[in-house]
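These notes concern the structure reproduced below.
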Amino acid sequence: MIGKLNHVAIAVPDLKAAADIYRNTLGAKVSAEEEQPEHGVTTVFIELPNTKIELLGALGENSPITKFLERNPGGGIHHLCYEVDDIMTARDKLVADGIRVLGDGEPKTGAHGKPVLFLHPKDFSGTLVELEQA
């Protein structure tokens with residue numbers, strides 16, 4: 001069902017500082033900051049030859065990143081994102097298999113303008129999983 005690893009998301013307490021480390025220390029290609037109000041985050045993407053790293057900063061007091069950073073003040077890996085060919089077919093199969101889809105179960109538009117869903121971390125060995133339509 002899953003395709004390639006689209007990105008690894010890292011929650012960071014200081015988005016600008018984290019982006020500067022990737023840009024200036026590692027020489028990576030780093031995108032501009034982009035607010036994602038529907039998800040409560042500001043994102044920066046680091047382009048790699050085989051995938052991307054998504055840096056997540058909190059956007060607003062109700063951001064899920066705020067809660068994550070309270071538990072992990074230095075930041076850390078927040079989720080893994082895998083591509084799927086058909087997000088609705090993937091969702092329906094996962095739900096039928098007992099996997100919990102977070103939120104209302106309907107895809108939202110993700111940072112790349114494509115439909116995304118998040119799957120409960122307790123169903124994936126403690127890892128929050130994002131599915132993105134390829």
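Ordering of the structure tokens sets the chain letters (A, B, ...); residue numbers start at 1 within each chain; ligands are numbered from 1 in the order shown.
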* 12 Å contact set for Glu38 of chain A, only C-alpha atoms, chain neighbours under 2 positions out, as a ChimeraX atom specification -> /A:35-36,40-42,59-60,62-64,103,107-111,113,116
Dump of N, CA and C atoms for the selected residues, as a CSV table (one decimal), in the first residue's frame:
chain,number,residue,atom,x,y,z
A,35,GLU,N,3.2,29.0,6.5
A,35,GLU,CA,2.2,28.8,7.5
A,35,GLU,C,1.1,27.8,7.0
A,36,GLN,N,0.7,26.8,7.9
A,36,GLN,CA,-0.3,25.9,7.5
A,36,GLN,C,-1.4,26.0,8.6
A,40,GLY,N,-2.1,24.0,12.2
A,40,GLY,CA,-1.5,24.6,13.4
A,40,GLY,C,0.0,24.6,13.4
A,41,VAL,N,0.6,24.7,12.2
A,41,VAL,CA,2.1,24.6,12.1
A,41,VAL,C,2.6,25.6,11.1
A,42,THR,N,3.9,25.9,11.2
A,42,THR,CA,4.6,26.6,10.2
A,42,THR,C,5.7,25.6,9.7
A,59,LEU,N,2.3,27.0,15.4
A,59,LEU,CA,1.5,28.2,14.8
A,59,LEU,C,0.3,28.3,15.7
A,60,GLY,N,0.3,29.3,16.6
A,60,GLY,CA,-0.8,29.5,17.5
A,60,GLY,C,-0.7,28.6,18.8
A,62,ASN,N,-2.9,26.6,20.1
A,62,ASN,CA,-3.5,25.3,20.0
A,62,ASN,C,-2.8,24.3,19.1
A,63,SER,N,-1.6,24.7,18.7
A,63,SER,CA,-0.8,23.9,17.8
A,63,SER,C,-0.5,22.6,18.4
A,64,PRO,N,-0.6,21.5,17.7
A,64,PRO,CA,-0.1,20.2,18.2
A,64,PRO,C,1.4,20.2,18.5
A,103,GLY,N,-8.5,12.8,13.8
A,103,GLY,CA,-9.5,13.8,13.3
A,103,GLY,C,-10.8,13.2,12.9
A,107,PRO,N,-9.6,13.4,4.6
A,107,PRO,CA,-8.3,14.0,4.3
A,107,PRO,C,-8.4,15.5,4.4
A,108,LYS,N,-7.3,16.1,4.8
A,108,LYS,CA,-7.1,17.5,4.7
A,108,LYS,C,-6.0,17.8,3.7
A,109,THR,N,-6.0,19.1,3.3
A,109,THR,CA,-4.9,19.5,2.4
A,109,THR,C,-3.6,19.7,3.2
A,110,GLY,N,-2.6,19.0,2.7
A,110,GLY,CA,-1.3,19.1,3.4
A,110,GLY,C,-0.4,20.2,2.8
A,111,ALA,N,0.8,20.2,3.3
A,111,ALA,CA,1.8,21.3,3.0
A,111,ALA,C,2.1,21.3,1.5
A,113,GLY,N,-0.1,20.6,-0.8
A,113,GLY,CA,-1.3,20.9,-1.6
A,113,GLY,C,-2.0,19.6,-2.0
A,116,VAL,N,-4.0,14.6,2.8
A,116,VAL,CA,-3.2,13.9,3.8
A,116,VAL,C,-4.2,13.4,4.9
* Run DSSP on the backbone and grab whatever in chain A lands in strand (DSSP E); send it over as a PyMOL selection string. => chain A and resi 2-11+29-30+34-36+41-47+52-58+76-84+108-109+115-119+128-133
* For Pro49 of chain A, list every protein, DNA or RNA residue within 12 Å, evaluated using only C-alpha atoms, and leave out those in the same chain fewer than 2 positions away; present the list as number ranges by chain. => A: 6-7, 28-29, 46-47, 51-53
Just-selected residues, C-alpha atoms written as a CSV table (one decimal), in the first residue's frame:
chain,number,residue,atom,x,y,z
A,6,ASN,CA,7.9,11.5,1.4
A,7,HIS,CA,9.4,13.2,4.5
A,28,ALA,CA,21.1,21.9,2.3
A,29,LYS,CA,18.5,23.5,0.0
A,46,ILE,CA,14.8,20.6,3.4
A,47,GLU,CA,15.3,19.0,0.0
A,51,THR,CA,13.4,12.5,0.4
A,52,LYS,CA,12.7,15.6,2.4
A,53,ILE,CA,12.9,16.8,6.0
* May I ask for the distance between atom CA of Gly75 of chain A and atom CA of Ala11 of chain A, given in Å to one decimal place? =>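 Here the two named atoms are 5.1 Å from each other.
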* Looking at only C-alpha atoms, which of A:Lys67, A:Lys16, A:His120, A:Lys4 is the one that sits closest to His79 of chain A? -> A:His120
Non-local contacts of Ala134 of chain A (6 Å; only C-alpha atoms; under 3 positions in same chain excluded) as a CSV table (one decimal) with C-alpha atoms, in the first residue's frame:
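Below is the file around_18.csv, written as the result:
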chain,number,residue,atom,x,y,z
A,83,GLU,CA,3.0,8.3,-0.1
A,84,VAL,CA,0.0,6.3,-1.2
A,85,ASP,CA,-1.6,6.0,-4.7
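For the set A:Leu119, A:Leu131, A:Leu55, A:Ile10, the residue with the smallest atom-to-atom gap to Asp86 of chain A is A:Leu131, counting only C-alpha atoms.
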* Select, from A:Gly3, A:Lys114, A:Leu128, A:Val30, the residue with the minimum atom-to-atom distance to Phe68 of chain A, counting only C-alpha atoms. =>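 Ranked by minimum distance to Phe68 of chain A, first place goes to A:Leu128.
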* If you run DSSP on this backbone, which residues of segment 96-126 of chain A come out as helix (DSSP H, G or I), and could you give them as a ChimeraX atom specification? -> /A:96,121-123
For those residues, write N, CA, C and O atoms to a file as a CSV table (one decimal), in the first residue's frame.
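Dumped to out.csv:
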chain,number,residue,atom,x,y,z
A,96,ALA,N,-10.8,-0.7,8.0
A,96,ALA,CA,-11.3,-2.0,8.1
A,96,ALA,C,-10.4,-2.9,8.9
A,96,ALA,O,-10.9,-3.9,9.5
A,121,PRO,N,-0.6,7.1,16.6
A,121,PRO,CA,0.7,6.5,16.8
A,121,PRO,C,0.6,5.2,17.6
A,121,PRO,O,1.5,4.3,17.5
A,122,LYS,N,-0.4,4.9,18.4
A,122,LYS,CA,-0.5,3.7,19.2
A,122,LYS,C,-0.7,2.5,18.3
A,122,LYS,O,-0.4,1.4,18.6
A,123,ASP,N,-1.1,2.7,17.0
A,123,ASP,CA,-1.3,1.7,16.1
A,123,ASP,C,-0.1,1.4,15.3
A,123,ASP,O,0.0,0.4,14.5
* **Selected residue of minimal separation from Met88 of chain A among A:Ser125, A:Leu26, A:Glu106, A:Val8, counting only C-alpha atoms** =>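 Checking each candidate against Met88 of chain A, we get A:Glu106 as the closest.
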* To do: Mind giving me the straight-line distance from atom CA of Glu61 of chain A to atom CA of Tyr22 of chain A in Å, one decimal?
  =>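 Calculated distance between atom CA of Glu61 of chain A and atom CA of Tyr22 of chain A is 26.4 Å.
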* To do: Give the answer as one residue: which of A:Gln133, A:Thr127, A:Thr66, A:Asn72 has the shortest atom-to-atom distance to Thr89 of chain A, using only C-alpha atoms?
  =>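 Among the listed residues, A:Gln133 lies closest to Thr89 of chain A.
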Which residues are close to Phe118 of chain A, i.e. within 7 Å by only C-alpha atoms, leaving aside same-chain residues fewer than 4 positions away? Reply as a tab-separated table (two decimals) with N, CA and C atoms, in the first residue's frame.
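Ended up saving to around-v7.tsv:
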chain	number	residue	atom	x	y	z
A	101	VAL	N	-7.78	6.48	12.33
A	101	VAL	CA	-7.44	7.70	11.59
A	101	VAL	C	-7.76	8.87	12.50
A	102	LEU	N	-6.83	9.79	12.66
A	102	LEU	CA	-7.04	10.92	13.55
A	102	LEU	C	-7.98	11.95	12.93
A	129	VAL	N	2.00	8.53	11.97
A	129	VAL	CA	2.18	8.29	10.54
A	129	VAL	C	1.24	9.21	9.77
A	130	GLU	N	1.80	9.87	8.78
A	130	GLU	CA	1.02	10.67	7.84
A	130	GLU	C	1.01	9.95	6.51
A	131	LEU	N	-0.15	9.90	5.88
A	131	LEU	CA	-0.26	9.40	4.51
A	131	LEU	C	-0.56	10.59	3.61
